[in-house]
Amino acid sequence: MAESPSPAPGRFAPTLRRQLLLWLLLPQLVLWLAGGLAAYQLAERYTNAAVDASLLQASRALARQLRPLDNGLLIDFPRAAQDVLEADPDDRLHYMVSTPPGAFILGNHQLPLPPAAVMARPPIGQPYFYDALLPPANDEVGTRQPLRVAALFLRQGGRDDPDAVLLVQVARSRTSREELARGILWDTLLPLAGLILLMTTVIWLGIRAGLAPLLRLRREVEGRAPTDLAPIRLDAAPGEVRALVMAVNGLLAAVQHNLAQQKRFISDAAHQMRTPLAGLKSQAEVALALAGDEAQRERLRRVHESADRSAHLVNQLLTLARAEPDTAAARGSPVDLRALAQELTATLVPRALREGIDLGFAPVEEEGSPVDEIAANASDAAGNGDANADETMDSAAIAAPAAASPLIVVGHAWLLREALSNLIDNALRYAGRGAVVTVDVQREGDEAVLSVTDDGPGIAPEDLPRVFERFVRATDQGNGCGLGLPIVKEIVERQGGRVTLAPVQPRGLCARTHLPLAPTT
């Protein structure tokens, strides 16, 4: 049964785990960002409130140092107090006292005034807070300093002008305020980030535990042979996975039933055809013996060849049906591949001699081995027309050396025998009279490699990939049916191996089957 290749998943193919992580972690990330923005705005509001309160306190304290007189204004602002306000160069407190619309009295004359709308209708006795930019000192080129300014409008109350307004401004750099806001932001976000990471870990572990039944189901399916149609067993699984397993088991049961019907049909049809074909061959042989006319004998020979070819096809179909199991059978038992190949080669030597083919076995590359003598004696006997050649070769081949170390594989002996028989049968059918066919079993690494090599016409390179397809023949000669090599491929792959074909120089073909060696205990 051909195994259809499954498409490889793409690099970014959507998976259930990835989608669950995305849908669970993405909202957390959005909430984390939203929380950070809200925390920053909240921190900025509270720092503004704290800075505004300190500016208001400073402006009222400065305003208390201003006393109106009948003809002027008394400023009780000692130099020590001024130095205290301007002591910190990084967070310097700026101040200015003026009488609108702009008569400067005291402080930093570069402080920006409140907006024009406020200046037009000043809120007497009420503080007004606003943001402004302080230009560089002495009109120097530089960056303007952002400020937070508190403006306090007071009645001057002098005798000359009782409605005169006095403006007291106190400002502080926004840098400290922004640093405080950022500090509050980080103090809020870092614990939240740690909590997010902890929740992510918990969610990932939860998803992993929840998807564990699917992973077990995947391993259960991936570890199966392509022909294993037994029901899947998955204990302690959630209801959703159990329903999936039941659906898959239903499909496997339907496929198993269809395969069983197909196998039974092929087996029954082949069995029903064997008896009439055997009778047809027998009748053709009798008619050939009794026929006197040469034209009639030629027609009878064609009938006999057609019957022989049909019988061979039926046998191959039976073998193919048996090689395709409908359930997952056991992997088999230990089989000595070398001994099996020796025995089968010995049984096929008489047929090779009758067809004028030199069939030999080379279990190990050793000089003077009895197998070399077998091949030499068989060749001499066939060339000299020895009537006892069959008996000589048969007995000699059965007595092939058993001293070589066995090569143990795990499989079904009858299937391996059938595969090797098909390989040797193909070589005997198509190599031609006078050809040399050599069966060899060697160890290569952790594999046992069985090869059947002939020096016949071989197979064209363009036909090599196709000959493993059913009913495909690379030549019109012989009475094959195009099922021998597909049967070999089916059997060898079922045993966990592979089969390859390669041309031999200057001519010929080598069929190699690679089977894994049984593990040593």
# chains A, B, ... in the order shown; residues from 1 in each chain; ligands from 1
$ select_by_dssp --residues "range 404-494 of chain A" --states "strand (DSSP E or B)" --output "JSON, numbers by chain"
{"A": [408, 409, 410, 411, 436, 437, 438, 439, 440, 441, 442, 443, 444, 447, 448, 449, 450, 451, 452, 453, 454]}
$ residues_around --residues "Arg473 in chain A" --least-positions-apart "6" --cutoff "10 Å" --atoms "only C-alpha atoms" --output "short mmCIF file (atom, residue, chain, number, x, y, z; two decimals) with C-alpha atoms, in the first residue's frame"
data_model
loop_
_atom_site.label_atom_id
_atom_site.label_comp_id
_atom_site.auth_asym_id
_atom_site.auth_seq_id
_atom_site.Cartn_x
_atom_site.Cartn_y
_atom_site.Cartn_z
CA ILE A 459 16.73 -2.11 -17.32
CA ASP A 463 12.44 2.83 -16.57
CA ARG A 466 8.60 2.98 -12.83
CA VAL A 467 9.25 -0.74 -12.45
CA GLY A 480 5.98 -11.74 -16.45
CA CYS A 481 2.99 -9.79 -15.27
CA GLY A 482 4.57 -6.66 -13.78
CA LEU A 483 3.91 -7.55 -10.14
CA GLY A 484 7.22 -9.09 -9.03
CA LEU A 485 9.07 -5.92 -8.04
#
$ residues_around --residues "Leu166 in chain A" --least-positions-apart "2" --cutoff "9 Å" --atoms "only C-alpha atoms" --output "ChimeraX atom specification"
/A:97-100,152-156,164,168
$ closest_residue --among "A:Asp308, A:Glu240, A:Glu44, A:Glu285" --to "Pro213 in chain A" --atoms "only C-alpha atoms"
A:Glu240
$ closest_residue --among "A:Ile207, A:Ala43, A:Leu66, A:Val149" --to "Leu93 in chain A" --atoms "only C-alpha atoms"
A:Val149
$ residues_around --residues "Val248 in chain A" --least-positions-apart "6" --cutoff "10 Å" --atoms "only C-alpha atoms" --output "ChimeraX atom specification"
/A:231-232,242,254
$ write_last_selection --atoms "C-alpha atoms" --output "short mmCIF file (atom, residue, chain, number, x, y, z; two decimals), in the first residue's frame"
data_model
loop_
_atom_site.label_atom_id
_atom_site.label_comp_id
_atom_site.auth_asym_id
_atom_site.auth_seq_id
_atom_site.Cartn_x
_atom_site.Cartn_y
_atom_site.Cartn_z
CA PRO A 231 -8.40 1.58 17.11
CA ILE A 232 -6.60 4.40 18.86
CA ARG A 242 -12.34 11.76 23.06
CA ALA A 254 -14.38 1.69 7.80
#
$ residues_around --residues "range 112-129 of chain A" --least-positions-apart "3" --cutoff "12 Å" --atoms "only C-alpha atoms" --output "ChimeraX atom specification"
/A:48-49,51-60,63,94-104,108-109,132-135,144-156,163-172
$ write_last_selection --atoms "N, CA and C atoms" --output "short mmCIF file (atom, residue, chain, number, x, y, z; two decimals), in the first residue's frame"
data_model
loop_
_atom_site.label_atom_id
_atom_site.label_comp_id
_atom_site.auth_asym_id
_atom_site.auth_seq_id
_atom_site.Cartn_x
_atom_site.Cartn_y
_atom_site.Cartn_z
N ASN A 48 1.66 67.08 39.61
CA ASN A 48 1.24 68.46 39.35
C ASN A 48 0.58 69.08 40.58
N ALA A 49 -0.26 68.26 41.24
CA ALA A 49 -0.92 68.77 42.43
C ALA A 49 0.10 69.10 43.52
N VAL A 51 3.37 69.79 43.08
CA VAL A 51 4.17 70.95 42.66
C VAL A 51 3.35 72.23 42.76
N ASP A 52 2.09 72.17 42.36
CA ASP A 52 1.24 73.36 42.43
C ASP A 52 1.06 73.81 43.88
N ALA A 53 0.93 72.84 44.77
CA ALA A 53 0.77 73.20 46.19
C ALA A 53 2.03 73.90 46.72
N SER A 54 3.20 73.38 46.34
CA SER A 54 4.45 74.02 46.80
C SER A 54 4.62 75.40 46.17
N LEU A 55 4.23 75.54 44.89
CA LEU A 55 4.32 76.86 44.25
C LEU A 55 3.36 77.85 44.88
N LEU A 56 2.15 77.40 45.20
CA LEU A 56 1.18 78.27 45.84
C LEU A 56 1.68 78.73 47.21
N GLN A 57 2.26 77.79 47.95
CA GLN A 57 2.79 78.15 49.26
C GLN A 57 3.92 79.18 49.14
N ALA A 58 4.80 78.96 48.13
CA ALA A 58 5.91 79.91 47.93
C ALA A 58 5.40 81.28 47.49
N SER A 59 4.41 81.30 46.62
CA SER A 59 3.88 82.58 46.15
C SER A 59 3.18 83.34 47.26
N ARG A 60 2.45 82.66 48.12
CA ARG A 60 1.79 83.34 49.25
C ARG A 60 2.84 83.86 50.24
N ALA A 63 4.25 86.85 48.74
CA ALA A 63 3.27 87.94 48.78
C ALA A 63 3.19 88.57 50.17
N HIS A 94 12.07 80.07 40.39
CA HIS A 94 12.06 81.39 39.78
C HIS A 94 10.88 82.18 40.33
N TYR A 95 11.06 83.47 40.44
CA TYR A 95 9.99 84.32 40.95
C TYR A 95 10.07 85.69 40.27
N MET A 96 8.95 86.36 40.27
CA MET A 96 8.89 87.72 39.72
C MET A 96 7.69 88.44 40.33
N VAL A 97 7.95 89.69 40.69
CA VAL A 97 6.88 90.55 41.19
C VAL A 97 6.77 91.73 40.23
N SER A 98 5.54 91.99 39.78
CA SER A 98 5.33 93.05 38.81
C SER A 98 3.95 93.64 39.03
N THR A 99 3.75 94.77 38.39
CA THR A 99 2.43 95.39 38.40
C THR A 99 1.94 95.46 36.96
N PRO A 100 0.97 94.69 36.61
CA PRO A 100 0.47 94.70 35.23
C PRO A 100 0.09 96.10 34.83
N PRO A 101 0.27 96.42 33.59
CA PRO A 101 0.56 95.54 32.45
C PRO A 101 2.03 95.27 32.19
N GLY A 102 2.89 95.19 33.17
CA GLY A 102 4.25 94.76 32.88
C GLY A 102 5.31 95.54 33.58
N ALA A 103 5.00 96.28 34.58
CA ALA A 103 6.01 97.05 35.31
C ALA A 103 6.76 96.11 36.23
N PHE A 104 8.01 95.81 35.92
CA PHE A 104 8.81 94.86 36.67
C PHE A 104 9.25 95.50 37.99
N ASN A 108 12.99 87.56 38.41
CA ASN A 108 13.46 87.22 37.07
C ASN A 108 12.49 87.82 36.06
N HIS A 109 12.94 88.86 35.36
CA HIS A 109 12.04 89.57 34.45
C HIS A 109 11.69 88.77 33.20
N ALA A 132 4.70 77.11 30.95
CA ALA A 132 5.34 78.11 30.09
C ALA A 132 6.76 77.68 29.81
N LEU A 133 7.41 78.39 28.88
CA LEU A 133 8.79 78.13 28.51
C LEU A 133 9.64 79.34 28.85
N LEU A 134 10.70 79.12 29.60
CA LEU A 134 11.59 80.20 30.01
C LEU A 134 12.70 80.34 28.97
N PRO A 135 12.83 81.50 28.33
CA PRO A 135 13.89 81.68 27.33
C PRO A 135 15.26 81.69 28.00
N ARG A 144 14.77 76.39 25.40
CA ARG A 144 13.89 76.97 26.40
C ARG A 144 13.57 75.94 27.47
N GLN A 145 13.51 76.41 28.69
CA GLN A 145 13.29 75.53 29.83
C GLN A 145 11.79 75.46 30.15
N PRO A 146 11.22 74.24 30.18
CA PRO A 146 9.80 74.15 30.53
C PRO A 146 9.58 74.44 32.02
N LEU A 147 8.54 75.24 32.31
CA LEU A 147 8.26 75.66 33.67
C LEU A 147 6.80 75.39 34.03
N ARG A 148 6.61 75.21 35.32
CA ARG A 148 5.26 75.21 35.89
C ARG A 148 5.16 76.49 36.73
N VAL A 149 4.20 77.36 36.41
CA VAL A 149 4.15 78.71 37.00
C VAL A 149 2.86 78.85 37.80
N ALA A 150 3.00 79.45 38.98
CA ALA A 150 1.84 79.85 39.80
C ALA A 150 1.78 81.38 39.84
N ALA A 151 0.63 81.91 39.40
CA ALA A 151 0.44 83.37 39.36
C ALA A 151 -0.61 83.75 40.41
N LEU A 152 -0.27 84.76 41.23
CA LEU A 152 -1.18 85.21 42.29
C LEU A 152 -1.37 86.72 42.14
N PHE A 153 -2.62 87.13 41.88
CA PHE A 153 -2.95 88.54 41.71
C PHE A 153 -3.45 89.09 43.04
N LEU A 154 -2.87 90.24 43.44
CA LEU A 154 -3.22 90.87 44.72
C LEU A 154 -3.55 92.34 44.49
N ARG A 155 -4.39 92.91 45.39
CA ARG A 155 -4.67 94.35 45.37
C ARG A 155 -3.52 95.07 46.06
N GLN A 156 -2.94 96.03 45.36
CA GLN A 156 -1.82 96.76 45.95
C GLN A 156 -2.32 97.68 47.08
N ASP A 163 -6.88 100.71 43.40
CA ASP A 163 -7.29 99.56 42.56
C ASP A 163 -6.11 98.91 41.84
N ALA A 164 -4.91 99.35 42.13
CA ALA A 164 -3.76 98.77 41.43
C ALA A 164 -3.60 97.29 41.81
N VAL A 165 -3.17 96.49 40.83
CA VAL A 165 -3.02 95.02 40.99
C VAL A 165 -1.55 94.68 41.02
N LEU A 166 -1.23 93.80 41.92
CA LEU A 166 0.15 93.32 42.05
C LEU A 166 0.19 91.85 41.64
N LEU A 167 1.12 91.50 40.76
CA LEU A 167 1.24 90.10 40.26
C LEU A 167 2.49 89.47 40.86
N VAL A 168 2.26 88.34 41.57
CA VAL A 168 3.36 87.57 42.14
C VAL A 168 3.42 86.22 41.39
N GLN A 169 4.55 85.93 40.78
CA GLN A 169 4.74 84.68 40.02
C GLN A 169 5.89 83.88 40.63
N VAL A 170 5.62 82.62 40.82
CA VAL A 170 6.64 81.67 41.29
C VAL A 170 6.61 80.47 40.35
N ALA A 171 7.78 80.07 39.85
CA ALA A 171 7.85 78.98 38.84
C ALA A 171 8.93 77.97 39.24
N ARG A 172 8.70 76.78 38.81
CA ARG A 172 9.67 75.70 39.04
C ARG A 172 9.78 74.87 37.75
#
$ residues_around --residues "Ala352 in chain A" --least-positions-apart "4" --cutoff "10 Å" --atoms "only C-alpha atoms" --output "JSON, numbers by chain"
{"A": [345, 347, 348, 356, 357, 358, 359, 360, 378, 382, 390, 424, 425, 427, 428, 429, 433, 434, 435, 436, 437]}
$ write_last_selection --atoms "N, CA and C atoms" --output "PDB file, in the first residue's frame"
ATOM      1  N   THR A 345      18.264 -20.172  -2.669  1.00  0.00           N
ATOM      2  CA  THR A 345      19.119 -20.272  -3.852  1.00  0.00           C
ATOM      3  C   THR A 345      19.338 -21.727  -4.238  1.00  0.00           C
ATOM      4  N   THR A 347      17.331 -24.242  -3.772  1.00  0.00           N
ATOM      5  CA  THR A 347      16.129 -24.834  -4.374  1.00  0.00           C
ATOM      6  C   THR A 347      15.895 -24.357  -5.805  1.00  0.00           C
ATOM      7  N   LEU A 348      16.438 -23.193  -6.167  1.00  0.00           N
ATOM      8  CA  LEU A 348      16.218 -22.667  -7.511  1.00  0.00           C
ATOM      9  C   LEU A 348      17.352 -23.003  -8.469  1.00  0.00           C
ATOM     10  N   GLY A 356      19.916 -22.840 -18.539  1.00  0.00           N
ATOM     11  CA  GLY A 356      21.260 -22.479 -18.976  1.00  0.00           C
ATOM     12  C   GLY A 356      21.808 -21.258 -18.296  1.00  0.00           C
ATOM     13  N   ILE A 357      21.466 -21.028 -17.027  1.00  0.00           N
ATOM     14  CA  ILE A 357      21.910 -19.857 -16.273  1.00  0.00           C
ATOM     15  C   ILE A 357      22.756 -20.323 -15.100  1.00  0.00           C
ATOM     16  N   ASP A 358      23.853 -19.609 -14.860  1.00  0.00           N
ATOM     17  CA  ASP A 358      24.755 -19.932 -13.754  1.00  0.00           C
ATOM     18  C   ASP A 358      24.277 -19.173 -12.513  1.00  0.00           C
ATOM     19  N   LEU A 359      23.613 -19.862 -11.582  1.00  0.00           N
ATOM     20  CA  LEU A 359      23.101 -19.275 -10.356  1.00  0.00           C
ATOM     21  C   LEU A 359      24.020 -19.653  -9.207  1.00  0.00           C
ATOM     22  N   GLY A 360      24.561 -18.659  -8.497  1.00  0.00           N
ATOM     23  CA  GLY A 360      25.466 -18.930  -7.392  1.00  0.00           C
ATOM     24  C   GLY A 360      25.167 -18.051  -6.202  1.00  0.00           C
ATOM     25  N   ALA A 378      28.535 -26.579 -11.237  1.00  0.00           N
ATOM     26  CA  ALA A 378      27.260 -26.451 -11.953  1.00  0.00           C
ATOM     27  C   ALA A 378      27.485 -25.971 -13.369  1.00  0.00           C
ATOM     28  N   ALA A 382      26.518 -28.097 -16.660  1.00  0.00           N
ATOM     29  CA  ALA A 382      25.573 -27.605 -17.659  1.00  0.00           C
ATOM     30  C   ALA A 382      26.220 -27.535 -19.025  1.00  0.00           C
ATOM     31  N   ASP A 390      21.434 -31.671 -12.333  1.00  0.00           N
ATOM     32  CA  ASP A 390      20.462 -31.173 -11.367  1.00  0.00           C
ATOM     33  C   ASP A 390      20.743 -31.720  -9.993  1.00  0.00           C
ATOM     34  N   ILE A 424      15.019 -13.340  -7.482  1.00  0.00           N
ATOM     35  CA  ILE A 424      15.746 -14.353  -8.253  1.00  0.00           C
ATOM     36  C   ILE A 424      14.941 -14.762  -9.479  1.00  0.00           C
ATOM     37  N   ASP A 425      13.617 -14.866  -9.350  1.00  0.00           N
ATOM     38  CA  ASP A 425      12.770 -15.239 -10.478  1.00  0.00           C
ATOM     39  C   ASP A 425      12.886 -14.206 -11.593  1.00  0.00           C
ATOM     40  N   ALA A 427      15.454 -12.277 -12.188  1.00  0.00           N
ATOM     41  CA  ALA A 427      16.780 -12.428 -12.795  1.00  0.00           C
ATOM     42  C   ALA A 427      16.808 -13.626 -13.744  1.00  0.00           C
ATOM     43  N   LEU A 428      16.213 -14.747 -13.354  1.00  0.00           N
ATOM     44  CA  LEU A 428      16.212 -15.934 -14.208  1.00  0.00           C
ATOM     45  C   LEU A 428      15.348 -15.736 -15.447  1.00  0.00           C
ATOM     46  N   ARG A 429      14.268 -14.957 -15.319  1.00  0.00           N
ATOM     47  CA  ARG A 429      13.362 -14.766 -16.448  1.00  0.00           C
ATOM     48  C   ARG A 429      13.968 -13.869 -17.526  1.00  0.00           C
ATOM     49  N   ARG A 433      19.743 -16.917 -21.427  1.00  0.00           N
ATOM     50  CA  ARG A 433      20.599 -18.115 -21.368  1.00  0.00           C
ATOM     51  C   ARG A 433      22.068 -17.702 -21.403  1.00  0.00           C
ATOM     52  N   GLY A 434      22.857 -18.373 -20.585  1.00  0.00           N
ATOM     53  CA  GLY A 434      24.278 -18.089 -20.489  1.00  0.00           C
ATOM     54  C   GLY A 434      24.621 -16.993 -19.495  1.00  0.00           C
ATOM     55  N   ALA A 435      23.628 -16.405 -18.845  1.00  0.00           N
ATOM     56  CA  ALA A 435      23.888 -15.318 -17.897  1.00  0.00           C
ATOM     57  C   ALA A 435      24.369 -15.888 -16.561  1.00  0.00           C
ATOM     58  N   VAL A 436      24.931 -15.007 -15.753  1.00  0.00           N
ATOM     59  CA  VAL A 436      25.397 -15.363 -14.407  1.00  0.00           C
ATOM     60  C   VAL A 436      24.579 -14.543 -13.410  1.00  0.00           C
ATOM     61  N   VAL A 437      23.951 -15.251 -12.459  1.00  0.00           N
ATOM     62  CA  VAL A 437      23.144 -14.616 -11.419  1.00  0.00           C
ATOM     63  C   VAL A 437      23.769 -14.951 -10.077  1.00  0.00           C
TER      64      VAL A 437
END
